[in-house]
Structure formats: structure tokens, C-alpha cells
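Dropping start-v5.cif in here (mmCIF, C-alpha atoms, pLDDT in the B column; chains and numbers go by the auth columns):
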```cif
data_entry
#
loop_
_atom_site.group_PDB
_atom_site.id
_atom_site.type_symbol
_atom_site.label_atom_id
_atom_site.label_comp_id
_atom_site.label_asym_id
_atom_site.label_seq_id
_atom_site.Cartn_x
_atom_site.Cartn_y
_atom_site.Cartn_z
_atom_site.B_iso_or_equiv
_atom_site.auth_seq_id
_atom_site.auth_asym_id
ATOM 1 C CA MET A 1 34.056 -33.585 46.388 41.00 1 A
ATOM 2 C CA GLN A 2 31.537 -31.636 48.391 47.00 2 A
ATOM 3 C CA THR A 3 28.650 -30.442 46.230 50.00 3 A
ATOM 4 C CA GLU A 4 26.567 -28.638 48.838 52.00 4 A
ATOM 5 C CA ASN A 5 27.386 -25.984 51.399 56.00 5 A
ATOM 6 C CA VAL A 6 27.015 -27.522 54.854 59.00 6 A
ATOM 7 C CA ASN A 7 26.229 -25.332 57.894 69.00 7 A
ATOM 8 C CA LEU A 8 26.656 -22.177 55.853 78.00 8 A
ATOM 9 C CA PRO A 9 25.601 -19.079 57.843 86.00 9 A
ATOM 10 C CA ILE A 10 22.849 -17.513 55.744 86.00 10 A
ATOM 11 C CA THR A 11 21.022 -14.335 56.754 87.00 11 A
ATOM 12 C CA VAL A 12 17.711 -13.630 55.025 87.00 12 A
ATOM 13 C CA THR A 13 16.382 -10.078 55.436 85.00 13 A
ATOM 14 C CA VAL A 14 13.009 -8.997 54.060 85.00 14 A
ATOM 15 C CA ARG A 15 12.124 -5.323 53.664 85.00 15 A
ATOM 16 C CA HIS A 16 8.610 -3.880 53.372 77.00 16 A
ATOM 17 C CA GLU A 17 6.957 -7.271 53.779 77.00 17 A
ATOM 18 C CA THR A 18 6.713 -9.999 56.391 74.00 18 A
ATOM 19 C CA VAL A 19 8.980 -12.962 55.786 71.00 19 A
ATOM 20 C CA THR A 20 7.265 -16.320 55.435 80.00 20 A
ATOM 21 C CA ASP A 21 8.884 -19.601 56.396 83.00 21 A
ATOM 22 C CA SER A 22 8.503 -20.945 52.857 87.00 22 A
ATOM 23 C CA LEU A 23 10.267 -17.885 51.379 87.00 23 A
ATOM 24 C CA ARG A 24 13.088 -18.123 53.928 87.00 24 A
ATOM 25 C CA GLU A 25 13.509 -21.890 53.296 89.00 25 A
ATOM 26 C CA TYR A 26 13.458 -21.327 49.526 91.00 26 A
ATOM 27 C CA ALA A 27 16.247 -18.735 49.733 89.00 27 A
ATOM 28 C CA HIS A 28 18.245 -21.013 52.078 88.00 28 A
ATOM 29 C CA LYS A 29 17.841 -23.997 49.759 89.00 29 A
ATOM 30 C CA LYS A 30 18.882 -22.041 46.675 89.00 30 A
ATOM 31 C CA ILE A 31 21.991 -20.533 48.305 87.00 31 A
ATOM 32 C CA GLU A 32 23.050 -23.852 49.852 85.00 32 A
ATOM 33 C CA GLY A 33 22.618 -25.494 46.460 83.00 33 A
ATOM 34 C CA LEU A 34 25.253 -23.313 44.802 81.00 34 A
ATOM 35 C CA HIS A 35 27.881 -25.723 43.496 67.00 35 A
ATOM 36 C CA LEU A 36 30.968 -25.755 45.710 60.00 36 A
ATOM 37 C CA ASP A 37 33.852 -25.404 43.321 62.00 37 A
ATOM 38 C CA TYR A 38 35.610 -22.100 43.697 63.00 38 A
ATOM 39 C CA PRO A 39 35.584 -19.769 45.550 71.00 39 A
ATOM 40 C CA ARG A 40 34.691 -21.346 48.898 78.00 40 A
ATOM 41 C CA ILE A 41 31.689 -19.571 50.457 83.00 41 A
ATOM 42 C CA ILE A 42 32.105 -18.460 54.088 85.00 42 A
ATOM 43 C CA GLU A 43 28.880 -16.492 54.639 88.00 43 A
ATOM 44 C CA ALA A 44 25.836 -15.494 52.597 90.00 44 A
ATOM 45 C CA LYS A 45 23.252 -12.706 52.906 91.00 45 A
ATOM 46 C CA ALA A 46 19.966 -12.462 51.048 91.00 46 A
ATOM 47 C CA ILE A 47 18.071 -9.159 51.034 90.00 47 A
ATOM 48 C CA LEU A 48 14.533 -9.417 49.683 89.00 48 A
ATOM 49 C CA ASP A 49 12.736 -6.132 49.046 89.00 49 A
ATOM 50 C CA VAL A 50 9.187 -5.381 47.897 87.00 50 A
ATOM 51 C CA GLN A 51 8.414 -1.900 46.525 84.00 51 A
ATOM 52 C CA LYS A 52 4.831 -1.657 45.251 81.00 52 A
ATOM 53 C CA ASN A 53 4.774 -4.288 42.460 82.00 53 A
ATOM 54 C CA ARG A 54 8.555 -4.647 42.245 86.00 54 A
ATOM 55 C CA HIS A 55 10.187 -7.702 43.857 89.00 55 A
ATOM 56 C CA ILE A 56 13.943 -7.266 44.246 90.00 56 A
ATOM 57 C CA ALA A 57 16.277 -10.043 45.425 91.00 57 A
ATOM 58 C CA GLU A 58 19.889 -9.258 46.308 92.00 58 A
ATOM 59 C CA ILE A 59 22.387 -11.955 47.328 91.00 59 A
ATOM 60 C CA ILE A 60 25.862 -11.261 48.692 90.00 60 A
ATOM 61 C CA LEU A 61 28.419 -14.059 49.116 88.00 61 A
ATOM 62 C CA PHE A 62 31.458 -13.570 51.314 87.00 62 A
ATOM 63 C CA CYS A 63 34.061 -16.059 50.086 82.00 63 A
ATOM 64 C CA ALA A 64 37.571 -17.172 50.965 78.00 64 A
ATOM 65 C CA ASN A 65 40.540 -14.988 49.955 76.00 65 A
ATOM 66 C CA HIS A 66 38.492 -11.801 50.542 79.00 66 A
ATOM 67 C CA ILE A 67 36.302 -12.374 47.477 80.00 67 A
ATOM 68 C CA VAL A 68 32.816 -10.818 47.610 84.00 68 A
ATOM 69 C CA ILE A 69 30.310 -11.772 44.920 85.00 69 A
ATOM 70 C CA GLU A 70 26.972 -10.001 44.756 87.00 70 A
ATOM 71 C CA ALA A 71 24.036 -9.783 42.395 89.00 71 A
ATOM 72 C CA HIS A 72 20.513 -8.403 42.423 89.00 72 A
ATOM 73 C CA THR A 73 17.517 -8.924 40.177 91.00 73 A
ATOM 74 C CA GLU A 74 14.016 -7.548 39.874 91.00 74 A
ATOM 75 C CA GLY A 75 11.319 -10.050 39.018 86.00 75 A
ATOM 76 C CA PRO A 76 7.527 -10.432 38.761 84.00 76 A
ATOM 77 C CA ASP A 77 7.455 -12.321 42.067 88.00 77 A
ATOM 78 C CA MET A 78 9.997 -12.982 44.809 89.00 78 A
ATOM 79 C CA TYR A 79 10.641 -16.635 43.886 90.00 79 A
ATOM 80 C CA ALA A 80 11.463 -15.724 40.276 91.00 80 A
ATOM 81 C CA ALA A 81 13.719 -12.893 41.458 92.00 81 A
ATOM 82 C CA ILE A 82 15.619 -15.307 43.746 91.00 82 A
ATOM 83 C CA ASP A 83 16.047 -17.805 40.878 92.00 83 A
ATOM 84 C CA GLN A 84 17.389 -15.154 38.503 92.00 84 A
ATOM 85 C CA THR A 85 19.755 -13.800 41.160 92.00 85 A
ATOM 86 C CA ILE A 86 21.107 -17.299 41.918 91.00 86 A
ATOM 87 C CA ASP A 87 21.760 -17.778 38.178 90.00 87 A
ATOM 88 C CA LYS A 88 23.709 -14.497 38.096 89.00 88 A
ATOM 89 C CA ILE A 89 25.714 -15.490 41.197 88.00 89 A
ATOM 90 C CA ALA A 90 26.591 -18.888 39.690 87.00 90 A
ATOM 91 C CA ARG A 91 27.806 -17.208 36.471 85.00 91 A
ATOM 92 C CA ARG A 92 29.918 -14.757 38.467 83.00 92 A
ATOM 93 C CA MET A 93 31.447 -17.589 40.505 82.00 93 A
ATOM 94 C CA ARG A 94 32.424 -19.397 37.290 81.00 94 A
ATOM 95 C CA LYS A 95 33.783 -16.141 35.883 79.00 95 A
ATOM 96 C CA GLN A 96 35.881 -15.592 39.023 76.00 96 A
ATOM 97 C CA LYS A 97 37.341 -19.089 38.725 76.00 97 A
ATOM 98 C CA THR A 98 38.082 -18.671 34.997 76.00 98 A
ATOM 99 C CA ARG A 99 39.675 -15.277 35.577 72.00 99 A
ATOM 100 C CA LEU A 100 41.958 -16.717 38.224 69.00 100 A
ATOM 101 C CA LEU A 101 42.886 -19.679 36.030 68.00 101 A
ATOM 102 C CA LYS A 102 43.790 -17.483 33.054 69.00 102 A
ATOM 103 C CA LYS A 103 45.568 -14.795 35.048 62.00 103 A
ATOM 104 C CA ARG A 104 49.257 -14.898 34.257 56.00 104 A
ATOM 105 C CA ARG A 105 49.298 -18.586 33.408 60.00 105 A
ATOM 106 C CA PRO A 106 52.873 -19.744 32.690 57.00 106 A
ATOM 107 C CA HIS A 107 53.760 -21.209 29.307 55.00 107 A
ATOM 108 C CA ARG A 108 52.969 -24.863 28.903 55.00 108 A
ATOM 109 C CA ASN A 109 56.451 -25.966 27.791 53.00 109 A
ATOM 110 C CA GLU A 110 58.080 -24.897 31.053 52.00 110 A
ATOM 111 C CA SER A 111 55.361 -26.031 33.430 50.00 111 A
ATOM 112 C CA ILE A 112 56.165 -29.691 34.138 50.00 112 A
ATOM 113 C CA ARG A 113 59.128 -31.127 35.975 54.00 113 A
ATOM 114 C CA TYR A 114 59.675 -34.236 38.070 54.00 114 A
ATOM 115 C CA ILE A 115 61.468 -34.517 41.409 56.00 115 A
ATOM 116 C CA ASP A 116 63.326 -37.686 42.353 60.00 116 A
ATOM 117 C CA GLU A 117 62.795 -38.730 45.924 61.00 117 A
ATOM 118 C CA SER A 118 65.095 -41.069 47.877 66.00 118 A
ATOM 119 C CA PHE A 119 64.826 -42.557 51.362 67.00 119 A
ATOM 120 C CA TYR A 120 67.739 -43.889 53.398 69.00 120 A
ATOM 121 C CA ASP A 121 67.859 -46.205 56.374 71.00 121 A
ATOM 122 C CA GLU A 122 70.086 -45.708 59.436 73.00 122 A
ATOM 123 C CA THR A 123 73.190 -47.168 57.743 73.00 123 A
ATOM 124 C CA ALA A 124 73.429 -44.000 55.619 72.00 124 A
ATOM 125 C CA LEU A 125 74.503 -42.090 58.748 74.00 125 A
ATOM 126 C CA ASP A 126 77.667 -44.212 58.968 76.00 126 A
ATOM 127 C CA HIS A 127 78.540 -43.793 55.281 74.00 127 A
ATOM 128 C CA PRO A 128 82.106 -42.411 54.903 78.00 128 A
ATOM 129 C CA GLU A 129 82.235 -38.805 53.721 77.00 129 A
ATOM 130 C CA GLU A 130 85.239 -39.363 51.440 79.00 130 A
ATOM 131 C CA SER A 131 83.439 -42.087 49.494 79.00 131 A
ATOM 132 C CA ASP A 132 82.945 -41.584 45.760 80.00 132 A
ATOM 133 C CA LYS A 133 79.554 -43.313 45.801 79.00 133 A
ATOM 134 C CA ASP A 134 76.389 -42.189 47.538 77.00 134 A
ATOM 135 C CA PRO A 135 74.753 -44.633 49.943 76.00 135 A
ATOM 136 C CA GLU A 136 72.141 -46.975 48.501 74.00 136 A
ATOM 137 C CA PRO A 137 68.637 -45.584 49.008 71.00 137 A
ATOM 138 C CA PHE A 138 65.951 -47.554 50.768 66.00 138 A
ATOM 139 C CA LEU A 139 62.838 -47.683 48.582 61.00 139 A
ATOM 140 C CA VAL A 140 59.599 -47.182 50.466 57.00 140 A
ATOM 141 C CA HIS A 141 57.322 -46.172 47.633 55.00 141 A
ATOM 142 C CA THR A 142 58.162 -44.616 44.310 57.00 142 A
ATOM 143 C CA ASP A 143 55.873 -41.952 42.967 56.00 143 A
ATOM 144 C CA ASN A 144 56.341 -39.097 40.557 64.00 144 A
ATOM 145 C CA TYR A 145 54.969 -35.774 41.737 67.00 145 A
ATOM 146 C CA ARG A 146 54.225 -33.335 38.968 75.00 146 A
ATOM 147 C CA VAL A 147 55.638 -29.912 39.764 83.00 147 A
ATOM 148 C CA ARG A 148 54.084 -27.149 37.708 85.00 148 A
ATOM 149 C CA THR A 149 55.123 -23.547 37.322 88.00 149 A
ATOM 150 C CA MET A 150 52.282 -21.398 38.626 88.00 150 A
ATOM 151 C CA TYR A 151 51.384 -18.382 40.667 89.00 151 A
ATOM 152 C CA LYS A 152 50.345 -18.510 44.314 87.00 152 A
ATOM 153 C CA GLU A 153 46.722 -17.800 43.404 87.00 153 A
ATOM 154 C CA ASP A 154 46.640 -20.876 41.141 86.00 154 A
ATOM 155 C CA ALA A 155 48.184 -23.004 43.906 88.00 155 A
ATOM 156 C CA VAL A 156 45.539 -21.811 46.391 86.00 156 A
ATOM 157 C CA MET A 157 42.811 -22.730 43.939 84.00 157 A
ATOM 158 C CA GLU A 158 44.363 -26.163 43.279 82.00 158 A
ATOM 159 C CA LEU A 159 44.541 -26.798 47.029 82.00 159 A
ATOM 160 C CA GLU A 160 40.877 -25.745 47.355 79.00 160 A
ATOM 161 C CA LEU A 161 39.825 -28.136 44.602 76.00 161 A
ATOM 162 C CA THR A 162 41.734 -31.215 45.817 72.00 162 A
ATOM 163 C CA ASP A 163 41.893 -33.101 49.072 69.00 163 A
ATOM 164 C CA ARG A 164 45.695 -33.006 49.234 75.00 164 A
ATOM 165 C CA PRO A 165 47.243 -31.519 52.363 80.00 165 A
ATOM 166 C CA PHE A 166 49.728 -29.423 50.361 84.00 166 A
ATOM 167 C CA VAL A 167 50.698 -28.282 46.859 86.00 167 A
ATOM 168 C CA LEU A 168 54.305 -28.219 45.702 87.00 168 A
ATOM 169 C CA TYR A 169 54.912 -25.852 42.789 89.00 169 A
ATOM 170 C CA LYS A 170 57.577 -23.742 41.114 89.00 170 A
ATOM 171 C CA SER A 171 56.796 -20.088 41.722 88.00 171 A
ATOM 172 C CA ALA A 172 56.391 -18.210 38.454 86.00 172 A
ATOM 173 C CA ARG A 173 57.281 -14.934 40.202 85.00 173 A
ATOM 174 C CA ARG A 174 60.350 -16.000 42.181 84.00 174 A
ATOM 175 C CA ASP A 175 61.524 -19.039 40.152 84.00 175 A
ATOM 176 C CA CYS A 176 61.903 -21.287 43.212 88.00 176 A
ATOM 177 C CA LEU A 177 60.175 -24.332 44.651 89.00 177 A
ATOM 178 C CA THR A 178 57.384 -23.442 47.061 90.00 178 A
ATOM 179 C CA ILE A 179 55.101 -25.551 49.198 89.00 179 A
ATOM 180 C CA LEU A 180 51.623 -24.227 50.020 90.00 180 A
ATOM 181 C CA TYR A 181 49.595 -25.816 52.816 88.00 181 A
ATOM 182 C CA ARG A 182 46.497 -25.175 54.898 84.00 182 A
ATOM 183 C CA ARG A 183 47.100 -24.278 58.558 83.00 183 A
ATOM 184 C CA LYS A 184 44.931 -25.523 61.420 81.00 184 A
ATOM 185 C CA ASP A 185 43.083 -22.181 61.575 79.00 185 A
ATOM 186 C CA GLY A 186 41.990 -22.591 57.923 76.00 186 A
ATOM 187 C CA GLU A 187 44.339 -19.965 56.468 82.00 187 A
ATOM 188 C CA TYR A 188 47.066 -20.753 53.931 85.00 188 A
ATOM 189 C CA ALA A 189 50.806 -20.645 54.435 87.00 189 A
ATOM 190 C CA ALA A 190 53.568 -20.807 51.814 88.00 190 A
ATOM 191 C CA MET A 191 57.120 -21.906 52.469 87.00 191 A
ATOM 192 C CA ARG A 192 59.929 -21.323 50.003 87.00 192 A
ATOM 193 C CA LEU A 193 62.287 -24.256 49.500 81.00 193 A
ATOM 194 C CA ASP A 194 65.919 -23.387 48.754 66.00 194 A
ATOM 195 C CA LYS A 195 67.486 -24.892 45.695 54.00 195 A
#
```
Target format C-alpha cells, applied to this file:
Amino acid sequence: MQTENVNLPITVTVRHETVTDSLREYAHKKIEGLHLDYPRIIEAKAILDVQKNRHIAEIILFCANHIVIEAHTEGPDMYAAIDQTIDKIARRMRKQKTRLLKKRRPHRNESIRYIDESFYDETALDHPEESDKDPEPFLVHTDNYRVRTMYKEDAVMELELTDRPFVLYKSARRDCLTILYRRKDGEYAAMRLDK
């Protein structure tokens, strides 16, 4: 799992004061160090403002799925203000994840189901249609895939948190099997599977 934001576009703007390299690097390091869990950060902006003896740090994160998280803090010096703002941002990111996890979560007793999977070799094509028995399956690898009942938002988050190429789930809204996958352009696509 990736624990640091790599090549994240970060813009640091300083108002009413000249920006120093150490201040810019400190803000970069703090924003890049935000734990990558959920939501995935696409772009970050830090606005550092000095008004007389007031040091104000504002950080805005533009995340996947059109989520914008922002926080600002006033501190005795700019470094302390950045630290306090990063703490607020981290709490809001955790809150966003918890809110999405709790939102309309299906009941536990109807959330797990297993799908049997069978593979056939070429002889299955010549199997007579009027036969009472199905052709014998060819076993490649047996594995149980847990299918949970969830909403699309939960499936997107599960796909974000795992390295799987897709998530198969039973839609809690439409009561049908759905497969959610990441397209080459980075967006998500969902395909409904007929029963």
C-alpha cells in the first residue's frame, strides 16, 4: 500500500511575505506525508498569509470523486499553523472515509454470498443439448469470491483501498450483481450483470 503521495502537484502561495525555500519545502513535506488511504488526493494548494502578528495557513485538497477538503488555522508562527492545519485535514479525511463507510450500509446478515465458478474445455461445445447431465467442468483453480451487498460508493472505496482490478458486488439499490472497474483514463465504470 502506498503511504506517501508521489508527484502530487502542490501549489504554495504566500501572501504579505516573501516565501522562503525552507517554508515551501516544509509545506510540501507535510502535505505529501498525509497518509494515503481515502480519498485519493489529486491536487493540493497551500495558502500562507501573514497579517501583522497573525500567521494563517490554509490547505485545500482536491480529491477523487469530486471531494474537496479544506482547513485553515491561525498560529503563533507559520510552521505551527501548518502543523495544526495538517492535523485538521487528516481528521477530516478520516471523517470523510468513516462517513462513506457508514452511509447506508446494508445489514450484515444479507451481505455475504458465494458464486460457484466452472470452466469447460472444448469438448463442452460438442455436448448434446438433449442430455440430462451437464458437461464435466475443467478445474483450473478453485477460489471463493466473497460477494457483499453494498452501494456503489462503498465499492469505489474498496477498489481504491485494494490492488484488485475490479470489485464484484450485489447492488443494494438495484438488487443485482454489478462489477466495478477502473478504466485506462483513471475513471470508474460499473457494469450490471443480468441474473
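Residue nearest Gln84 in chain A within the list A:Val68, A:Ile59, A:Val19, A:Ala172: A:Ile59 [criterion: smallest interatomic distance, all atoms listed in the file].
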For CA of Asp83 in chain A and CA of Lys97 in chain A, the interatomic separation in Å (one decimal):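 Computing the Euclidean distance for CA of Asp83 in chain A and CA of Lys97 in chain A yields 21.4 Å.
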Shortest interatomic distance to Met78 in chain A - which of A:Glu129, A:Glu32, A:Asp49, A:Asp21, counting only C-alpha atoms: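 Counting only C-alpha atoms, the residue closest to Met78 in chain A is A:Asp49.
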From the list A:Tyr26, A:Thr162, A:Asp87, A:Glu136, which residue is nearest Asp121 in chain A when using only C-alpha atoms?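 Among the listed residues, A:Glu136 lies closest to Asp121 in chain A.
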Could you check how far CA of Lys170 in chain A sits from CA of Ile41 in chain A, in Å to one decimal? 27.8 Å
Which residues are close to range 46-48 of chain A, i.e. within 6 Å by only C-alpha atoms, leaving aside same-chain residues fewer than 3 positions away? Reply as a list in words. Val12, Thr13, Val14, Ile56, Ala57, Glu58 and Ile59 of chain A
Pick from A:Arg40, A:Lys45, A:His28, A:Arg173: nearest to Ala64 in chain A, with all atoms listed in the file counted?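 Nearest to Ala64 in chain A: A:Arg40.
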Please write the residues picked by the PyMOL selection byres ((chain A and resi 187) around 12) on this file as a PyMOL selection string. chain A and resi 64-66+156+159-160+180-186+188-190
Evaluate the PyMOL selection byres ((chain A and resi 69) around 8) and report residues as a list in words: Ile60, Leu61, Phe62, Cys63, Ile67, Val68, Glu70, Ala71, Ile89, Arg92 and Met93 of chain A
Using all atoms listed in the file, what residues lie at most 10 Å away from (8.7, -7.8, 44.7) (file coordinates), given as a PDB file with C-alpha atoms, keeping the file's coordinate frame?
```
ATOM      1  CA  ARG A  15      12.124  -5.323  53.664  1.00 85.00           C
ATOM      2  CA  HIS A  16       8.610  -3.880  53.372  1.00 77.00           C
ATOM      3  CA  GLU A  17       6.957  -7.271  53.779  1.00 77.00           C
ATOM      4  CA  LEU A  48      14.533  -9.417  49.683  1.00 89.00           C
ATOM      5  CA  ASP A  49      12.736  -6.132  49.046  1.00 89.00           C
ATOM      6  CA  VAL A  50       9.187  -5.381  47.897  1.00 87.00           C
ATOM      7  CA  GLN A  51       8.414  -1.900  46.525  1.00 84.00           C
ATOM      8  CA  LYS A  52       4.831  -1.657  45.251  1.00 81.00           C
ATOM      9  CA  ASN A  53       4.774  -4.288  42.460  1.00 82.00           C
ATOM     10  CA  ARG A  54       8.555  -4.647  42.245  1.00 86.00           C
ATOM     11  CA  HIS A  55      10.187  -7.702  43.857  1.00 89.00           C
ATOM     12  CA  ILE A  56      13.943  -7.266  44.246  1.00 90.00           C
ATOM     13  CA  ALA A  57      16.277 -10.043  45.425  1.00 91.00           C
ATOM     14  CA  THR A  73      17.517  -8.924  40.177  1.00 91.00           C
ATOM     15  CA  GLU A  74      14.016  -7.548  39.874  1.00 91.00           C
ATOM     16  CA  GLY A  75      11.319 -10.050  39.018  1.00 86.00           C
ATOM     17  CA  PRO A  76       7.527 -10.432  38.761  1.00 84.00           C
ATOM     18  CA  ASP A  77       7.455 -12.321  42.067  1.00 88.00           C
ATOM     19  CA  MET A  78       9.997 -12.982  44.809  1.00 89.00           C
ATOM     20  CA  TYR A  79      10.641 -16.635  43.886  1.00 90.00           C
ATOM     21  CA  ALA A  80      11.463 -15.724  40.276  1.00 91.00           C
ATOM     22  CA  ALA A  81      13.719 -12.893  41.458  1.00 92.00           C
TER      23      ALA A  81
END
```
Please compute the CA of Ile86 in chain A-CA of Leu34 in chain A distance, one decimal, in Å. 7.9 Å
